[in-house]
Amino acid sequence: MTFLKQSVTGAGASLLLVLALFAPRAVEAQNLKVGYANAELVLVYVPEYKSIGEKVQRQMQSSQEILQAKADDFQEAYDKFEKQADLLPPDKRQERANELNAAYQDLQRLQAQKEGEVSEYEAGLMNPLIEKVQKAVDAVAVEQGLDLVLKSPGILYVNPDKIVDITNLVAAKLGVDLEKELSANAK
């Protein structure tokens with residue numbers, strides 16, 4: 001019986017110790033000022049975003065033109081081979097088929113390379129803009145005295161009395177009237 005009494009008393013002491021350690025954090029969590037922002041929505045309406053999209057589109061178009069020219073050359077060579085295949089000796093036919101296979105693989109590599117170049121180009125243009133939006137989020141969070149800013153639209157529920165939507169403030173910091181932009185696009 002003494003062992004059981006000591007175990008319960010030891011468990012009770014452990015529980016008190018745990019409560020003592022975490023109680024201040026629970027109080028802190030209740031005083032935590034939280035906000036949320038839809039930074040992706042703001043990003044879309046920052047003026048530079050449209051020009052970045054246009055530049056990336058031009059880069060994609062240029063890549064597509066290069067790829068199309070190479071694909072046309074390949075198709076022409078393939079069509080010529082098909083017409084002549086029956087007239088070629090087997091060793092020449094195999095040699096030509098191997099050349100066409102290599103050309104097709106080169107075309108696929110070029111396509112992957114061009115896609116990578118466009119992705120890198122887009123990332124190079126977008127990263128500074130994303131950083132600019134993040135700095136605006138940080139600045140608004142400091143101005144509003146927020147301890148934590150959540151990313152929207154991934155939030156399922158928000159109590160408007162406890163959590164502040166700073167999306168419009170972030171947009172304004174970047175010179176965007178988000179309400180005006182959204183109403184203009186709703187028409």
# chains A, B, ... in the order shown; residues from 1 in each chain; ligands from 1

call {"tool": "residues_around", "arguments": {"residues": "Glu181 in chain A", "least_positions_apart": "4", "cutoff": "12 Å", "atoms": "only C-alpha atoms", "output": "list in words"}}
result
Leu41, Val42, Val44, Tyr45, Val46, Pro47, Asn168, Ala171, Ala172, Gly175, Val176, Asp177, Asn185, Ala186 and Lys187 of chain A

call {"tool": "write_last_selection", "arguments": {"atoms": "C-alpha atoms", "output": "short mmCIF file (atom, residue, chain, number, x, y, z; two decimals), in the first residue's frame"}}
result
data_model
loop_
_atom_site.label_atom_id
_atom_site.label_comp_id
_atom_site.auth_asym_id
_atom_site.auth_seq_id
_atom_site.Cartn_x
_atom_site.Cartn_y
_atom_site.Cartn_z
CA LEU A 41 -3.83 36.99 -54.04
CA VAL A 42 -1.85 40.15 -53.35
CA VAL A 44 -1.33 38.55 -58.55
CA TYR A 45 -2.35 42.21 -58.34
CA VAL A 46 1.10 43.73 -57.83
CA PRO A 47 1.81 45.66 -61.07
CA ASN A 168 -5.69 44.47 -47.72
CA ALA A 171 -1.71 45.01 -50.69
CA ALA A 172 -1.87 48.69 -49.76
CA GLY A 175 0.46 50.17 -53.75
CA VAL A 176 -2.45 47.88 -54.67
CA ASP A 177 -6.09 48.67 -53.93
CA ASN A 185 -12.31 41.54 -62.08
CA ALA A 186 -15.73 40.44 -60.79
CA LYS A 187 -17.44 42.33 -63.63
#

call {"tool": "residues_around", "arguments": {"residues": "Ala77 in chain A", "least_positions_apart": "3", "cutoff": "12 Å", "atoms": "only C-alpha atoms", "output": "ChimeraX atom specification"}}
result
/A:70-74,80-85,96-97,99-101,103-104

call {"tool": "write_last_selection", "arguments": {"atoms": "N, CA and C atoms", "output": "CSV table (one decimal), in the first residue's frame"}}
result
chain,number,residue,atom,x,y,z
A,70,LYS,N,12.9,22.7,-85.0
A,70,LYS,CA,13.6,21.4,-84.9
A,70,LYS,C,12.6,20.2,-85.1
A,71,ALA,N,11.4,20.3,-84.6
A,71,ALA,CA,10.4,19.3,-84.8
A,71,ALA,C,10.1,19.1,-86.3
A,72,ASP,N,10.0,20.3,-87.0
A,72,ASP,CA,9.7,20.2,-88.4
A,72,ASP,C,10.8,19.6,-89.2
A,73,ASP,N,12.0,19.9,-88.8
A,73,ASP,CA,13.2,19.3,-89.5
A,73,ASP,C,13.2,17.8,-89.2
A,74,PHE,N,12.9,17.4,-88.0
A,74,PHE,CA,12.9,16.0,-87.7
A,74,PHE,C,11.8,15.3,-88.5
A,80,LYS,N,11.1,11.6,-95.2
A,80,LYS,CA,12.0,11.2,-96.3
A,80,LYS,C,12.5,9.8,-96.1
A,81,PHE,N,12.8,9.4,-94.9
A,81,PHE,CA,13.3,8.1,-94.6
A,81,PHE,C,12.2,7.0,-94.9
A,82,GLU,N,11.0,7.3,-94.5
A,82,GLU,CA,9.9,6.4,-94.7
A,82,GLU,C,9.7,6.1,-96.2
A,83,LYS,N,9.8,7.2,-97.0
A,83,LYS,CA,9.7,7.0,-98.5
A,83,LYS,C,10.8,6.2,-99.1
A,84,GLN,N,12.0,6.4,-98.5
A,84,GLN,CA,13.2,5.7,-99.1
A,84,GLN,C,13.5,4.4,-98.4
A,85,ALA,N,12.9,4.1,-97.3
A,85,ALA,CA,13.3,2.9,-96.5
A,85,ALA,C,13.3,1.6,-97.3
A,96,ARG,N,20.3,4.7,-90.8
A,96,ARG,CA,19.4,5.9,-90.9
A,96,ARG,C,18.4,5.9,-89.8
A,97,ALA,N,17.8,4.7,-89.4
A,97,ALA,CA,16.9,4.6,-88.3
A,97,ALA,C,17.6,5.0,-87.0
A,99,GLU,N,20.1,7.1,-86.7
A,99,GLU,CA,20.3,8.5,-86.8
A,99,GLU,C,19.0,9.3,-86.4
A,100,LEU,N,17.9,8.8,-86.9
A,100,LEU,CA,16.6,9.4,-86.6
A,100,LEU,C,16.3,9.2,-85.1
A,101,ASN,N,16.6,8.1,-84.6
A,101,ASN,CA,16.3,7.9,-83.2
A,101,ASN,C,17.2,8.8,-82.3
A,103,ALA,N,18.3,11.7,-83.3
A,103,ALA,CA,17.8,13.1,-83.6
A,103,ALA,C,16.5,13.3,-82.7
A,104,TYR,N,15.7,12.2,-82.6
A,104,TYR,CA,14.5,12.4,-81.8
A,104,TYR,C,14.8,12.5,-80.3

call {"tool": "closest_residue", "arguments": {"among": "A:Lys114, A:Arg58, A:Lys173, A:Lys50", "to": "Asp138 in chain A", "atoms": "only C-alpha atoms"}}
result
A:Lys173

call {"tool": "closest_residue", "arguments": {"among": "A:Val133, A:Glu95, A:Leu125, A:Tyr157", "to": "Glu54 in chain A", "atoms": "only C-alpha atoms"}}
result
A:Leu125

call {"tool": "closest_residue", "arguments": {"among": "A:Leu87, A:Ile130, A:Pro153, A:Tyr49", "to": "Asp165 in chain A", "atoms": "only C-alpha atoms"}}
result
A:Pro153

call {"tool": "residues_around", "arguments": {"residues": "Ser152 in chain A", "least_positions_apart": "2", "cutoff": "7 Å", "atoms": "only C-alpha atoms", "output": "list in words"}}
result
Tyr36, Ala37, Asn38, Leu150, Gly154 and Ile155 of chain A

call {"tool": "write_last_selection", "arguments": {"atoms": "N, CA and C atoms", "output": "PDB file, in the first residue's frame"}}
result
ATOM      1  N   TYR A  36      -3.747  36.859 -40.519  1.00  0.00           N
ATOM      2  CA  TYR A  36      -3.598  36.013 -41.692  1.00  0.00           C
ATOM      3  C   TYR A  36      -3.630  36.881 -42.927  1.00  0.00           C
ATOM      4  N   ALA A  37      -3.012  36.371 -43.986  1.00  0.00           N
ATOM      5  CA  ALA A  37      -2.967  37.119 -45.238  1.00  0.00           C
ATOM      6  C   ALA A  37      -2.959  36.140 -46.404  1.00  0.00           C
ATOM      7  N   ASN A  38      -3.602  36.554 -47.472  1.00  0.00           N
ATOM      8  CA  ASN A  38      -3.572  35.795 -48.715  1.00  0.00           C
ATOM      9  C   ASN A  38      -2.526  36.466 -49.603  1.00  0.00           C
ATOM     10  N   LEU A 150      -0.664  33.739 -40.346  1.00  0.00           N
ATOM     11  CA  LEU A 150      -0.975  32.492 -41.030  1.00  0.00           C
ATOM     12  C   LEU A 150      -1.176  32.753 -42.505  1.00  0.00           C
ATOM     13  N   GLY A 154      -5.393  28.675 -46.920  1.00  0.00           N
ATOM     14  CA  GLY A 154      -5.373  27.360 -46.293  1.00  0.00           C
ATOM     15  C   GLY A 154      -6.046  27.305 -44.943  1.00  0.00           C
ATOM     16  N   ILE A 155      -6.664  28.373 -44.509  1.00  0.00           N
ATOM     17  CA  ILE A 155      -7.321  28.414 -43.198  1.00  0.00           C
ATOM     18  C   ILE A 155      -8.774  27.988 -43.366  1.00  0.00           C
TER      19      ILE A 155
END

call {"tool": "select_by_dssp", "arguments": {"residues": "range 112-149 of chain A", "states": "alpha helix (DSSP H)", "output": "MDAnalysis selection string"}}
result
chainID A and resid 112:143

call {"tool": "residues_around", "arguments": {"residues": "Lys135 in chain A", "least_positions_apart": "3", "cutoff": "12 Å", "atoms": "only C-alpha atoms", "output": "MDAnalysis selection string"}}
result
chainID A and resid 39 128:132 138:142 170:171 173:174

call {"tool": "write_last_selection", "arguments": {"atoms": "N, CA and C atoms", "output": "short mmCIF file (atom, residue, chain, number, x, y, z; two decimals), in the first residue's frame"}}
result
data_model
loop_
_atom_site.label_atom_id
_atom_site.label_comp_id
_atom_site.auth_asym_id
_atom_site.auth_seq_id
_atom_site.Cartn_x
_atom_site.Cartn_y
_atom_site.Cartn_z
N ALA A 39 -1.27 36.12 -49.36
CA ALA A 39 -0.15 36.74 -50.07
C ALA A 39 -0.18 36.41 -51.57
N PRO A 128 12.27 37.88 -56.62
CA PRO A 128 12.32 39.21 -56.00
C PRO A 128 10.92 39.76 -55.67
N LEU A 129 9.95 39.45 -56.50
CA LEU A 129 8.59 39.92 -56.25
C LEU A 129 7.99 39.20 -55.04
N ILE A 130 8.24 37.91 -54.93
CA ILE A 130 7.76 37.14 -53.77
C ILE A 130 8.40 37.68 -52.49
N GLU A 131 9.70 37.99 -52.57
CA GLU A 131 10.38 38.57 -51.41
C GLU A 131 9.79 39.93 -51.05
N LYS A 132 9.44 40.71 -52.04
CA LYS A 132 8.84 42.03 -51.82
C LYS A 132 7.51 41.88 -51.08
N ASP A 138 5.71 41.12 -43.48
CA ASP A 138 6.49 41.32 -42.26
C ASP A 138 6.27 42.72 -41.69
N ALA A 139 6.30 43.73 -42.56
CA ALA A 139 6.14 45.11 -42.10
C ALA A 139 4.75 45.33 -41.50
N VAL A 140 3.71 44.82 -42.15
CA VAL A 140 2.35 44.98 -41.62
C VAL A 140 2.21 44.22 -40.30
N ALA A 141 2.81 43.05 -40.21
CA ALA A 141 2.74 42.27 -38.97
C ALA A 141 3.36 43.05 -37.81
N VAL A 142 4.50 43.69 -38.06
CA VAL A 142 5.15 44.49 -37.03
C VAL A 142 4.28 45.70 -36.68
N VAL A 170 -1.49 44.55 -46.53
CA VAL A 170 -0.29 44.13 -47.27
C VAL A 170 -0.37 44.66 -48.70
N ALA A 171 -1.53 44.52 -49.31
CA ALA A 171 -1.71 45.01 -50.69
C ALA A 171 -1.48 46.52 -50.74
N LYS A 173 0.34 48.32 -48.80
CA LYS A 173 1.76 48.58 -48.61
C LYS A 173 2.51 48.45 -49.94
N LEU A 174 1.97 47.63 -50.84
CA LEU A 174 2.59 47.43 -52.15
C LEU A 174 1.95 48.32 -53.23
#

call {"tool": "residues_around", "arguments": {"residues": "Gln68 in chain A", "least_positions_apart": "6", "cutoff": "12 Å", "atoms": "only C-alpha atoms", "output": "list in words"}}
result
Met60, Gln61, Ser62, Phe74, Gln75, Leu107, Gln108, Leu110, Gln111 and Lys114 of chain A

call {"tool": "atom_distance", "arguments": {"atom1": "CA of Arg109 in chain A", "atom2": "CA of Glu76 in chain A"}}
result
19.0 Å

call {"tool": "closest_residue", "arguments": {"among": "A:Val158, A:Val56, A:Asn31, A:Lys180", "to": "Glu117 in chain A", "atoms": "only C-alpha atoms"}}
result
A:Val56
